[in-house]
$ cat input-v9.csv   # CSV, C-alpha atoms and all ligand atoms
chain,number,residue,atom,x,y,z
G,1,MET,CA,-14.6,41.8,-27.5
G,2,TYR,CA,-13.0,39.5,-25.0
G,3,GLU,CA,-9.6,39.2,-26.8
G,4,ASN,CA,-7.9,40.2,-23.5
G,5,ILE,CA,-9.1,37.1,-21.7
G,6,LYS,CA,-7.1,34.0,-22.4
G,7,VAL,CA,-8.4,30.9,-20.5
G,8,LYS,CA,-6.5,27.7,-21.1
G,9,LYS,CA,-8.5,25.1,-19.2
G,10,VAL,CA,-11.9,24.7,-17.5
G,11,ILE,CA,-13.3,22.4,-14.8
G,12,GLU,CA,-17.0,23.0,-15.2
G,13,HIS,CA,-18.2,21.5,-11.9
G,14,SER,CA,-16.3,21.5,-8.6
G,15,LEU,CA,-17.8,21.2,-5.1
G,16,LYS,CA,-14.3,20.8,-3.6
G,17,GLU,CA,-12.5,24.1,-3.9
G,18,TRP,CA,-14.9,26.4,-2.0
G,19,GLU,CA,-16.7,24.7,0.9
G,20,THR,CA,-20.5,25.1,0.6
G,21,LYS,CA,-20.4,26.5,-2.9
G,22,GLY,CA,-20.7,25.1,-6.4
G,23,THR,CA,-18.0,26.5,-8.6
G,24,THR,CA,-16.4,26.4,-12.0
G,25,ILE,CA,-12.6,26.6,-12.2
G,26,LEU,CA,-10.8,28.6,-14.9
G,27,PHE,CA,-7.1,28.2,-15.5
G,28,LEU,CA,-4.8,30.9,-16.9
G,29,GLY,CA,-1.3,30.2,-18.3
G,30,GLY,CA,2.2,31.0,-17.1
G,31,CYS,CA,3.9,31.0,-13.7
G,32,ASN,CA,6.9,32.7,-12.0
G,33,MET,CA,7.7,29.6,-10.0
G,34,ARG,CA,8.7,26.0,-10.9
G,35,CYS,CA,7.5,23.9,-8.0
G,36,PRO,CA,8.4,20.2,-8.8
G,37,TYR,CA,5.1,18.9,-7.5
G,38,CYS,CA,3.1,21.3,-9.7
G,39,ASN,CA,0.5,19.3,-11.7
G,40,GLN,CA,0.0,21.9,-14.4
G,41,LYS,CA,3.3,21.5,-16.3
G,42,SER,CA,2.0,22.5,-19.7
G,43,LEU,CA,0.3,25.6,-18.3
G,44,VAL,CA,3.5,26.6,-16.4
G,45,LEU,CA,6.1,25.8,-19.0
G,46,ASN,CA,4.4,26.0,-22.4
G,47,SER,CA,1.2,28.0,-22.0
G,48,ASN,CA,1.6,29.6,-25.4
G,49,SER,CA,1.3,26.2,-27.0
G,50,VAL,CA,-1.9,25.4,-25.1
G,51,PRO,CA,-4.9,26.7,-27.1
G,52,ASP,CA,-7.1,29.4,-25.7
G,53,ILE,CA,-10.7,28.3,-25.0
G,54,PRO,CA,-13.0,30.9,-26.7
G,55,TYR,CA,-14.2,33.0,-23.8
G,56,GLU,CA,-17.6,33.5,-25.3
G,57,SER,CA,-18.3,29.8,-24.9
G,58,ILE,CA,-17.2,30.0,-21.2
G,59,ARG,CA,-19.6,32.9,-20.6
G,60,ASP,CA,-22.4,31.0,-22.3
G,61,PHE,CA,-21.7,28.0,-20.0
G,62,LEU,CA,-21.6,30.1,-16.9
G,63,MET,CA,-24.8,32.0,-17.7
G,64,GLY,CA,-26.6,28.8,-18.7
G,65,ASN,CA,-25.7,27.1,-15.4
G,66,ARG,CA,-26.2,30.0,-13.0
G,67,LYS,CA,-28.6,28.0,-10.9
G,68,TRP,CA,-25.9,25.9,-9.4
G,69,ILE,CA,-22.7,28.0,-10.0
G,70,ASP,CA,-22.2,30.2,-6.9
G,71,GLY,CA,-18.7,31.2,-7.7
G,72,VAL,CA,-15.9,31.1,-10.2
G,73,VAL,CA,-12.4,30.0,-9.1
G,74,ILE,CA,-9.4,31.3,-11.0
G,75,SER,CA,-6.3,29.2,-11.0
G,76,GLY,CA,-3.3,28.5,-13.1
G,77,GLY,CA,-0.4,28.7,-13.5
G,78,GLU,CA,-0.1,31.8,-11.5
G,79,PRO,CA,-3.1,34.0,-12.3
G,80,SER,CA,-1.7,37.2,-10.8
G,81,ILE,CA,1.1,37.4,-13.4
G,82,ASN,CA,-1.4,36.9,-16.3
G,83,PRO,CA,-2.7,40.1,-17.9
G,84,SER,CA,-6.1,38.4,-18.3
G,85,LEU,CA,-6.8,38.3,-14.6
G,86,THR,CA,-8.2,41.8,-14.1
G,87,PHE,CA,-10.4,41.7,-17.3
G,88,LEU,CA,-11.7,38.3,-16.3
G,89,LEU,CA,-12.6,39.3,-12.8
G,90,GLN,CA,-14.3,42.5,-14.0
G,91,ASP,CA,-16.4,40.4,-16.4
G,92,LEU,CA,-17.3,37.8,-13.8
G,93,LYS,CA,-18.4,40.5,-11.4
G,94,ARG,CA,-20.5,42.1,-14.2
G,95,MET,CA,-22.2,38.7,-14.6
G,96,GLY,CA,-22.8,38.6,-10.8
G,97,PHE,CA,-20.6,35.7,-9.8
G,98,LEU,CA,-18.6,35.4,-6.6
G,99,THR,CA,-14.9,35.0,-7.3
G,100,LYS,CA,-12.0,33.2,-5.8
G,101,VAL,CA,-8.4,33.4,-6.8
G,102,LEU,CA,-5.7,30.7,-6.1
G,103,THR,CA,-2.3,32.3,-6.0
G,104,ASN,CA,1.3,32.0,-4.8
G,105,GLY,CA,0.9,35.5,-3.4
G,106,THR,CA,4.0,37.1,-5.0
G,107,ASN,CA,2.3,39.8,-7.0
G,108,GLU,CA,1.1,41.7,-3.9
G,109,PRO,CA,0.5,45.1,-5.5
G,110,LEU,CA,-2.0,43.7,-8.0
G,111,LEU,CA,-3.7,41.3,-5.6
G,112,ARG,CA,-4.1,44.1,-3.0
G,113,LYS,CA,-5.6,46.3,-5.7
G,114,LEU,CA,-8.1,43.6,-6.8
G,115,ILE,CA,-9.1,43.0,-3.2
G,116,ILE,CA,-9.6,46.7,-2.4
G,117,SER,CA,-11.6,47.1,-5.7
G,118,LYS,CA,-13.9,44.2,-4.5
G,119,LEU,CA,-13.2,42.1,-7.6
G,120,ILE,CA,-12.1,39.2,-5.4
G,121,ASP,CA,-14.4,37.6,-2.8
G,122,LEU,CA,-12.0,35.0,-1.5
G,123,ILE,CA,-8.2,34.6,-2.0
G,124,SER,CA,-6.3,31.4,-1.4
G,125,ILE,CA,-2.5,31.8,-1.0
G,126,ASP,CA,-0.4,28.6,-1.3
G,127,ILE,CA,2.7,28.8,0.9
G,128,LYS,CA,5.5,26.7,-0.6
G,129,ALA,CA,8.0,26.6,2.3
G,130,PRO,CA,8.9,28.3,5.5
G,131,ILE,CA,8.8,32.0,4.7
G,132,ASN,CA,12.5,32.8,4.0
G,133,GLU,CA,14.4,33.3,0.7
G,134,ILE,CA,16.6,30.1,1.1
G,135,LYS,CA,13.7,27.7,1.7
G,136,TYR,CA,11.5,29.3,-0.9
G,137,LYS,CA,14.2,29.0,-3.5
G,138,GLU,CA,14.7,25.3,-2.7
G,139,VAL,CA,11.1,24.6,-3.5
G,140,SER,CA,10.1,27.1,-6.2
G,141,LYS,CA,13.5,26.8,-8.0
G,142,VAL,CA,13.6,30.6,-8.5
G,143,ASN,CA,14.7,33.7,-6.5
G,144,ILE,CA,11.7,35.2,-4.8
G,145,ASP,CA,11.5,38.6,-3.1
G,146,MET,CA,9.8,37.6,0.0
G,147,ARG,CA,8.7,41.2,0.9
G,148,ASN,CA,5.7,40.9,-1.4
G,149,LEU,CA,4.3,37.8,0.2
G,150,LYS,CA,5.0,39.0,3.7
G,151,ASN,CA,3.3,42.3,3.0
G,152,LEU,CA,0.3,40.5,1.6
G,153,LEU,CA,0.0,38.2,4.6
G,154,THR,CA,0.2,41.2,7.0
G,155,PHE,CA,-2.4,43.0,5.0
G,156,LEU,CA,-4.8,40.1,5.1
G,157,LYS,CA,-4.2,39.3,8.8
G,158,THR,CA,-5.2,42.8,9.7
G,159,SER,CA,-8.2,43.1,7.3
G,160,SER,CA,-11.7,41.8,7.5
G,161,PHE,CA,-11.3,40.3,4.0
G,162,ASN,CA,-12.1,36.6,3.4
G,163,TYR,CA,-8.9,34.6,2.8
G,164,GLU,CA,-7.3,31.2,3.3
G,165,ILE,CA,-3.7,30.1,3.5
G,166,SER,CA,-2.8,26.7,2.1
G,167,VAL,CA,0.2,24.3,2.0
G,168,THR,CA,0.7,21.4,-0.3
G,169,PRO,CA,3.0,19.0,1.5
G,170,HIS,CA,5.1,16.5,-0.5
G,171,PRO,CA,8.0,14.5,0.9
G,172,SER,CA,10.4,16.0,-1.7
G,173,THR,CA,9.7,19.6,-0.7
G,174,MET,CA,8.2,19.8,2.8
G,175,THR,CA,9.4,18.0,6.0
G,176,GLU,CA,7.5,17.9,9.2
G,177,GLU,CA,9.8,20.6,10.6
G,178,ASP,CA,9.1,22.8,7.6
G,179,PHE,CA,5.4,22.3,8.2
G,180,GLU,CA,5.7,23.3,11.8
G,181,ASP,CA,7.7,26.4,10.9
G,182,ILE,CA,5.0,27.5,8.4
G,183,VAL,CA,2.2,26.9,11.0
G,184,ASP,CA,4.1,28.9,13.6
G,185,SER,CA,4.4,31.8,11.2
G,186,LEU,CA,0.7,31.8,10.5
G,187,THR,CA,-0.6,32.4,14.0
G,188,GLY,CA,-3.8,34.4,13.9
G,189,ILE,CA,-4.9,33.6,10.3
G,190,LYS,CA,-8.5,33.0,9.5
G,191,LYS,CA,-8.4,29.6,7.8
G,192,PHE,CA,-5.6,27.1,7.0
G,193,VAL,CA,-5.9,24.5,4.2
G,194,ILE,CA,-3.8,21.4,3.7
G,195,ARG,CA,-4.0,20.4,0.1
G,196,LYS,CA,-3.4,16.8,-0.9
G,197,ILE,CA,-1.0,16.4,-3.8
G,198,GLU,CA,-2.8,15.6,-7.1
G,199,ILE,CA,-0.7,13.6,-9.4
G,200,GLY,CA,-1.4,15.0,-12.9
G,201,ASP,CA,0.8,16.8,-15.5
G,202,LEU,CA,3.7,16.9,-13.0
G,203,LEU,CA,6.5,19.5,-13.5
G,204,ASP,CA,9.1,17.1,-12.2
G,205,ASP,CA,8.4,13.6,-13.6
G,206,ASN,CA,10.8,12.0,-11.1
G,207,LEU,CA,8.3,12.7,-8.4
G,208,ARG,CA,6.2,9.8,-9.8
G,209,ASN,CA,8.8,7.6,-8.1
G,210,ILE,CA,8.2,9.1,-4.6
G,211,GLU,CA,5.2,8.1,-2.7
G,212,PRO,CA,3.2,11.2,-1.6
G,213,TYR,CA,2.4,11.5,2.1
G,214,SER,CA,-0.3,9.0,3.2
G,215,ASP,CA,-3.7,10.1,4.4
G,216,GLU,CA,-2.6,9.1,8.0
G,217,TYR,CA,0.4,11.4,7.7
G,218,ILE,CA,-1.7,14.3,6.4
G,219,ASN,CA,-4.1,13.7,9.3
G,220,MET,CA,-1.2,13.9,11.7
G,221,LEU,CA,-0.2,17.3,10.1
G,222,TYR,CA,-3.8,18.5,10.4
G,223,LEU,CA,-3.9,17.7,14.1
G,224,LYS,CA,-0.7,19.5,14.6
G,225,ALA,CA,-2.0,22.6,12.8
G,226,LYS,CA,-5.3,22.5,14.7
G,227,ARG,CA,-3.4,23.0,18.0
G,228,SER,CA,-2.5,26.6,17.1
G,229,LEU,CA,-4.7,27.6,14.2
G,230,LYS,CA,-8.4,28.4,14.4
G,231,GLU,CA,-9.9,26.8,11.4
G,232,CYS,CA,-8.2,24.0,9.5
G,233,VAL,CA,-9.3,21.8,6.6
G,234,VAL,CA,-7.8,19.1,4.4
G,235,ARG,CA,-8.8,19.4,0.8
G,301,LIG,S1,2.4,24.9,-8.0
G,301,LIG,FE1,1.6,27.0,-8.4
G,301,LIG,S2,3.3,28.3,-8.0
G,301,LIG,FE2,4.2,26.3,-8.2
G,301,LIG,S3,4.7,26.1,-10.4
G,301,LIG,FE3,2.6,25.3,-10.2
G,301,LIG,S4,1.3,27.0,-10.6
G,301,LIG,FE4,3.3,27.8,-10.2
$ encode --input "input-v9.csv" --output "structure tokens"
Amino acid sequence: MYENIKVKKVIEHSLKEWETKGTTILFLGGCNMRCPYCNQKSLVLNSNSVPDIPYESIRDFLMGNRKWIDGVVISGGEPSINPSLTFLLQDLKRMGFLTKVLTNGTNEPLLRKLIISKLIDLISIDIKAPINEIKYKEVSKVNIDMRNLKNLLTFLKTSSFNYEISVTPHPSTMTEEDFEDIVDSLTGIKKFVIRKIEIGDLLDDNLRNIEPYSDEYINMLYLKAKRSLKECVVR
């Protein structure tokens, strides 16, 4: 019955991803980018070789723990290029959960449709670089048509929908100047999130030899962002 929903990984309990809410995080496979700092290498490069977790067991877990699970976060990989996303959101809504999607924002037509259909309650778009083709290619290692991302940002800025825009600074991909460029382009957004790099299943193993930005440096970036953006958090 749920053969269209292919979930590759589950974090059962998370209080970190959605302030004030208890969540479960579900991961879908595949991605259209190749960010070196990505910590989901297997899901991005070899998702077919990562076994699916039977969706019935995920449903049983969610229903059995409803008391403390306010919302379900869908991550990846890039969920918006995965055919499971729509089916999964529909089913989570049938079960009565709030939903959050973490995305790189490049599949604007689908994401806009899901927002308008009220299948998503909160969307989090991770910005990889200053918003132009050259910088984006340097980080994501692929050619990106920036019109989709720009259209999605414009749509969100002018809507009453709940969204957040994040960045994940790492010395190998984002300078202080890049960070300032990104912040300048986000004037007027609802919420800005600085994500600290999590060293896990890294896409580019060479990054293990580069110290991530320190907490002090991230705090300095936070204070810079706070000068011009309304709500900022470090996560
Ligand atoms: S960080 Fe996100 S967009 Fe980049 S490769 Fe990983 S899953 Fe894809």
$ closest_residue --input "input-v9.csv" --among "G:His170, G:Arg94, G:Lys100, G:Arg66" --to "ligand LIG 301 (chain G)" --atoms "all atoms listed in the file"
G:His170
$ closest_residue --input "input-v9.csv" --among "G:Tyr163, G:Phe155, G:Asn32, G:Gly22" --to "Lys113 in chain G" --atoms "all atoms listed in the file"
G:Phe155
$ closest_residue --input "input-v9.csv" --among "G:Trp68, G:Tyr2, G:Phe27, G:Tyr222" --to "Val50 in chain G" --atoms "only C-alpha atoms"
G:Phe27
$ closest_residue --input "input-v9.csv" --among "G:Val183, G:Met220, G:Ile199, G:Leu114" --to "ligand LIG 301 (chain G)" --atoms "only C-alpha atoms and all ligand atoms"
G:Ile199
$ closest_atom_pairs --input "input-v9.csv" --of "chain G" --to "ligand LIG 301 (chain G)" --cutoff "9 Å" --atoms "all atoms listed in the file" --output "tab-separated table"
residue	atom	partner	partner_atom	distance
G:Gly29	CA	G:LIG301	S4	8.7
G:Gly30	CA	G:LIG301	S4	7.7
G:Cys31	CA	G:LIG301	FE4	4.8
G:Asn32	CA	G:LIG301	FE4	6.3
G:Met33	CA	G:LIG301	S3	4.6
G:Arg34	CA	G:LIG301	S3	4.0
G:Cys35	CA	G:LIG301	FE2	4.1
G:Pro36	CA	G:LIG301	S3	7.1
G:Tyr37	CA	G:LIG301	S1	6.6
G:Cys38	CA	G:LIG301	S1	4.0
G:Asn39	CA	G:LIG301	FE3	6.5
G:Gln40	CA	G:LIG301	FE3	6.0
G:Lys41	CA	G:LIG301	FE3	7.2
G:Leu43	CA	G:LIG301	S4	7.9
G:Val44	CA	G:LIG301	S3	6.1
G:Leu45	CA	G:LIG301	S3	8.7
G:Ser75	CA	G:LIG301	S4	7.9
G:Gly76	CA	G:LIG301	S4	5.4
G:Gly77	CA	G:LIG301	S4	3.8
G:Glu78	CA	G:LIG301	S4	5.1
G:Pro79	CA	G:LIG301	S4	8.4
G:Leu102	CA	G:LIG301	FE1	8.5
G:Thr103	CA	G:LIG301	FE1	7.0
G:Asn104	CA	G:LIG301	S2	5.3
G:Gly105	CA	G:LIG301	S2	8.9
G:Asp126	CA	G:LIG301	FE1	7.5
G:Ile127	CA	G:LIG301	S2	8.9
G:Lys128	CA	G:LIG301	FE2	7.7
G:Val139	CA	G:LIG301	FE2	8.5
G:Ser140	CA	G:LIG301	FE2	6.3
G:Thr168	CA	G:LIG301	S1	8.6
G:Leu202	CA	G:LIG301	FE3	8.9
G:Leu203	CA	G:LIG301	S3	7.5
$ residues_around --input "input-v9.csv" --residues "Glu176 in chain G" --least-positions-apart "4" --cutoff "12 Å" --atoms "all atoms listed in the file" --output "list in words"
Ala129, Pro130, Pro169, His170, Pro171, Ser172, Glu180, Asp181, Ile182, Val183, Tyr213, Tyr217, Ile218, Met220, Leu221, Tyr222, Lys224 and Ala225 of chain G
$ atom_distance --input "input-v9.csv" --atom1 "CA of Lys67 in chain G" --atom2 "CA of His13 in chain G"
12.3 Å
$ residues_around --input "input-v9.csv" --residues "Phe97 in chain G" --least-positions-apart "2" --cutoff "9 Å" --atoms "all atoms listed in the file" --output "VMD selection string"
chain G and resid 66 69 to 72 92 to 95 99
